[in-house]
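Here is the structure we will look at, set down as structure tokens.
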Amino acid sequence: YGDKDKPEDSLNYYTDSLKCFQQSGNILGSGHVLNNIGEVLRYQGKLDESLTCFLQSKDYFEKIDSQLDVAMSLSNISEIYREKGELKSALESAFQALDIQTVLEANLYIAFTYLSIGLIYHSQGNLNEAIKYYKMSTDILAKQDNTLWTSQVLFYYIIALVEIDLEASKEQLKSLESLIHRNQNGVKLVELRFKVLQSLLMKKSNTLQNLVKAQQQLTEIVKSDDTLDYSITLLAMTQLVEILLVELKLFNNSETLKELIDLIQDLRNHADLHGSVLLKIQIYILFAKLKAIVGDLQTANETLDLADNIARQKELPKFITEVKNARAAIYDEISKYSGSNVDFKEIQNKLSRINMEAYLNDILISGILSGKNKK
């Protein structure tokens with residue numbers, strides 16, 4: 001059964017398997033099946049149920065002192081906590097897994113736990129620690145001669161480097177590009193990672209020519225039916241939204257607005273499906289930027305309030321800062337226009353002519369701002 005293609009069928013299959021293992025007293029088999037059930041539930045966005053399964057699988061493995069499997073469960077538990085935005089718990093579980101793997105000298109597992117720790121620090125906004133662990137992971141994987149694994153770590157390593165050392169990120173991107181030519185299994189995924197990062201670097205250059213190239217490449221990735229890694233697709237979508245927001249601000253184009261609405265709606269669907277708190281905050285920020293551009297400053301501020309509340313509740317300093325910066329940018333725009341003749345009604349008139357404002361409110365506000373009614 002394919003977990004992602006037919007999750008309900010997979011759950012039924014694994015549930016039946018779990019009963020058989022439990023009835024026969026097979027503790028190891030029960031632990032592994034619980035782990036598989038947790039993975040399916042995680043994909044469905046049922047993070048609390050998934051966490052329960054991973055915790056149960058850990059208990060089974062501990063009964064028979066299968067330490068490497070205990071570490072596997074701890075790593076999965078860490079990933080769930082990260083997706084829920086509970087980064088302190090995520091870090092604690094990841095380091096527990098790392099302690100076990102270090103004793104067992106399980107270098108390959110250590111490499112991926114370093115990656116997980118890097119991702120947690122990255123989510124916290126602690127780029128120096130994130131880069132440190134990404135680098136440690138790449139050092140181990142470089143000895144494995146597996147382009148797919150190495151490209152996965154390089155992908156996140158470069159994303160972090162872009163924020164603090166653009167030239168170093170360009171050098172690492174060359175290393176990633178060289179992996180494409182090895183022609184090993186998974187080369188399409190390696191190439192996809194390269195294209196997304198290449199677009200990210202072009203976007204960072206802030207030249208119109210590079211922005212156009214980045215937009216074209218990201219659009220191609222987002223619209224592709226061949227989704228090799230949904231997390232990469234989501235990054236491509238968020239980066240494309242950022243570029244289109246600039247385009248909308250410059251040209252007030254109704255087609256750009258329609259594309260933005262559809263992209264943000266798709267992102268919201270992914271956030272609902274996978275239960276990612278971090279993605280939800282990103283969507284709130286992007287949506288607020290969109291509403292500010294079309295002149296609805298009240299909704300923009302309300303949406304940033306929602307993002308800020310979640311970020312503070314989950315103690316996510318990186319996102320607290322992003323909300324603060326987004327709000328400051330909105331106030332800065334207000335101050336620019338306060339003494340000029342620019343009228344936000346120009347955009348609103350364009351919206352009404354194609355009935356886009358109603359579409360925007362019906363599709364997005366009802367869903368994104370529904371969090372206010374759930375408190």
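Quick note on naming: the chains in the structure tokens go A, B, ... in the order shown, residues restart at 1 in each chain, and ligands are numbered from 1 in order of appearance.
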
Within 9 Å of Asp308 (chain A), counting only C-alpha atoms, which residues show up once you throw out same-chain ones fewer than 2 positions away? Write them as a list in words, please. Ile281, Thr303, Leu304, Asp305, Leu306, Ile310, Ala311, Arg312, Gln313, Phe319, Ile320, Val323 and Lys324 of chain A

Just write the chosen residues, C-alpha atoms, as a PDB file, in the first residue's frame.
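The resulting file, again_30.pdb, is shown below:
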ATOM      1  CA  ILE A 281       1.966  31.321  10.353  1.00  0.00           C
ATOM      2  CA  THR A 303      -4.249  38.580  10.258  1.00  0.00           C
ATOM      3  CA  LEU A 304      -0.856  39.596  11.616  1.00  0.00           C
ATOM      4  CA  ASP A 305      -2.391  39.538  15.107  1.00  0.00           C
ATOM      5  CA  LEU A 306      -3.349  35.889  14.528  1.00  0.00           C
ATOM      6  CA  ILE A 310       0.475  31.692  17.544  1.00  0.00           C
ATOM      7  CA  ALA A 311       4.165  32.616  17.327  1.00  0.00           C
ATOM      8  CA  ARG A 312       4.168  33.892  20.913  1.00  0.00           C
ATOM      9  CA  GLN A 313       2.136  30.963  22.211  1.00  0.00           C
ATOM     10  CA  PHE A 319       8.175  34.224  13.366  1.00  0.00           C
ATOM     11  CA  ILE A 320       7.574  36.892  16.012  1.00  0.00           C
ATOM     12  CA  VAL A 323       5.333  39.426  11.980  1.00  0.00           C
ATOM     13  CA  LYS A 324       6.936  42.543  13.467  1.00  0.00           C
TER      14      LYS A 324
END

Can you pull out the residues contacting region 196-201 of chain A? Cut-off 7 Å, using only C-alpha atoms, and skip same-chain residues under 2 positions away; I want them as a tab-separated table (two decimals) with all heavy atoms, in the first residue's frame.
chain	number	residue	atom	x	y	z
A	192	LEU	N	15.46	19.05	-8.88
A	192	LEU	CA	14.38	19.90	-8.37
A	192	LEU	C	14.88	20.77	-7.23
A	192	LEU	O	14.58	21.98	-7.19
A	192	LEU	CB	13.21	19.03	-7.90
A	192	LEU	CG	12.04	19.76	-7.24
A	192	LEU	CD1	11.35	20.70	-8.23
A	192	LEU	CD2	11.02	18.75	-6.68
A	193	ARG	N	15.63	20.17	-6.32
A	193	ARG	CA	16.19	20.94	-5.20
A	193	ARG	C	17.09	22.07	-5.72
A	193	ARG	O	17.06	23.19	-5.23
A	193	ARG	CB	16.96	20.01	-4.27
A	193	ARG	CG	16.06	19.11	-3.44
A	193	ARG	CD	16.82	18.00	-2.73
A	193	ARG	NE	15.92	17.24	-1.87
A	193	ARG	CZ	16.13	15.98	-1.48
A	193	ARG	NH1	17.22	15.34	-1.87
A	193	ARG	NH2	15.25	15.36	-0.70
A	194	PHE	N	17.89	21.74	-6.73
A	194	PHE	CA	18.79	22.73	-7.31
A	194	PHE	C	18.00	23.90	-7.91
A	194	PHE	O	18.34	25.07	-7.70
A	194	PHE	CB	19.67	22.09	-8.38
A	194	PHE	CG	20.48	23.08	-9.17
A	194	PHE	CD1	21.62	23.66	-8.62
A	194	PHE	CD2	20.09	23.45	-10.44
A	194	PHE	CE1	22.36	24.59	-9.34
A	194	PHE	CE2	20.83	24.37	-11.18
A	194	PHE	CZ	21.97	24.95	-10.62
A	203	LYS	N	16.10	35.41	-6.72
A	203	LYS	CA	15.17	36.31	-6.04
A	203	LYS	C	15.92	37.25	-5.08
A	203	LYS	O	15.58	38.43	-4.96
A	203	LYS	CB	14.15	35.48	-5.26
A	203	LYS	CG	13.16	36.26	-4.43
A	203	LYS	CD	12.12	35.32	-3.85
A	203	LYS	CE	11.28	36.00	-2.79
A	203	LYS	NZ	11.96	36.07	-1.48
A	204	LYS	N	16.96	36.73	-4.44
A	204	LYS	CA	17.74	37.53	-3.50
A	204	LYS	C	18.51	38.66	-4.19
A	204	LYS	O	18.85	39.66	-3.57
A	204	LYS	CB	18.72	36.63	-2.75
A	204	LYS	CG	18.16	35.96	-1.52
A	204	LYS	CD	18.03	36.96	-0.39
A	204	LYS	CE	17.49	36.31	0.86
A	204	LYS	NZ	17.37	37.29	1.97
A	205	SER	N	18.80	38.47	-5.49
A	205	SER	CA	19.59	39.47	-6.21
A	205	SER	C	18.83	40.78	-6.40
A	205	SER	O	19.42	41.84	-6.62
A	205	SER	CB	20.01	38.93	-7.57
A	205	SER	OG	18.90	38.87	-8.45
A	214	ALA	N	13.34	33.79	-11.94
A	214	ALA	CA	12.93	33.03	-10.75
A	214	ALA	C	11.44	32.72	-10.79
A	214	ALA	O	11.01	31.61	-10.48
A	214	ALA	CB	13.28	33.82	-9.49
A	217	GLN	N	10.72	29.94	-13.32
A	217	GLN	CA	11.18	28.62	-12.86
A	217	GLN	C	10.31	28.10	-11.72
A	217	GLN	O	9.96	26.91	-11.69
A	217	GLN	CB	12.64	28.73	-12.41
A	217	GLN	CG	13.32	27.39	-12.19
A	217	GLN	CD	14.82	27.48	-12.38
A	217	GLN	OE1	15.32	27.40	-13.48
A	217	GLN	NE2	15.55	27.64	-11.27
A	218	LEU	N	9.96	28.96	-10.78
A	218	LEU	CA	9.12	28.56	-9.65
A	218	LEU	C	7.72	28.18	-10.12
A	218	LEU	O	7.11	27.22	-9.62
A	218	LEU	CB	9.04	29.67	-8.61
A	218	LEU	CG	10.33	29.94	-7.83
A	218	LEU	CD1	10.21	31.22	-7.02
A	218	LEU	CD2	10.67	28.76	-6.92
A	236	ALA	N	8.68	26.38	-2.90
A	236	ALA	CA	8.55	27.03	-4.21
A	236	ALA	C	7.31	27.92	-4.24
A	236	ALA	O	7.34	29.04	-4.77
A	236	ALA	CB	8.48	25.98	-5.31

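Considering the residues A:Leu87, A:Leu47, A:Ile264, A:Leu74 and counting only C-alpha atoms, Glu242 (chain A) has its shortest atom-to-atom contact with A:Ile264.
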
Non-local contacts of region 78-82 of chain A (9 Å; only C-alpha atoms; under 4 positions in same chain excluded) as an NGL selection string: :A and (42 or 47-48 or 50-51 or 73-74 or 86-94 or 97 or 116-117 or 119-120 or 123 or 276-278)

Can you tell me which residues surround region 159-174 of chain A at a distance of at most 7 Å, considering only C-alpha atoms, apart from same-chain residues fewer than 4 positions away, and format the answer as a ChimeraX atom specification? /A:127,131,155,178

Counting only C-alpha atoms, which residues of region 45-136 of chain A sit at most 8 Å from some atom of region 19-29 of chain A, and what is each one's closest atom pair with its distance in Å to one decimal, listed by chain and rising residue number, as JSON lines?
{"residue": "A:Tyr60", "atom": "CA", "partner": "A:Ile27", "partner_atom": "CA", "distance": 6.0}
{"residue": "A:Phe61", "atom": "CA", "partner": "A:Leu28", "partner_atom": "CA", "distance": 6.4}
{"residue": "A:Lys63", "atom": "CA", "partner": "A:Ile27", "partner_atom": "CA", "distance": 7.9}
{"residue": "A:Ile64", "atom": "CA", "partner": "A:Ile27", "partner_atom": "CA", "distance": 7.5}

Could you give me, as a VMD selection string, the residues within 9 Å of Ala326 (chain A), counting only C-alpha atoms and dropping anything in the same chain fewer than 3 positions from it? chain A and resid 285 to 286 288 to 289 304 321 to 323 329 to 331

Here is a test: counting only C-alpha atoms, which residue of A:Leu148, A:Ile243, A:Ile100, A:Leu250 is nearest to Val187 (chain A)? A:Leu148

CA of Asn12 (chain A) to CA of Glu39 (chain A), straight-line distance in Å: 13.6 Å

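Take the candidates A:Leu68, A:Val212, A:Ala130, A:Ile283 and check each one against Val241 (chain A) using only C-alpha atoms; the shortest distance goes to A:Ile283.
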
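Of the residues listed (A:Ser151, A:Ser75, A:Asn35, A:Gln239), A:Gln239 shows the shortest atom-to-atom separation from Met202 (chain A); distances use only C-alpha atoms.
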
Using DSSP assignments from the backbone, pull out every residue in region 150-193 of chain A that falls under alpha helix (DSSP H) and give it to me as an MDAnalysis selection string. chainID A and resid 150:164 166:180 187:193

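Straight-line separation from CA of Tyr157 (chain A) to CA of Asn36 (chain A): 28.2 Å.
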
Among A:Gln44, A:Gln152, A:Ser66, A:Gln101, Leu115 (chain A) is approached most closely, using only C-alpha atoms, by A:Gln152

The residue from A:Val246, A:Val40, A:Leu34, A:Leu279 with the smallest atom-to-atom distance to Gln56 (chain A), counting only C-alpha atoms, is A:Leu34
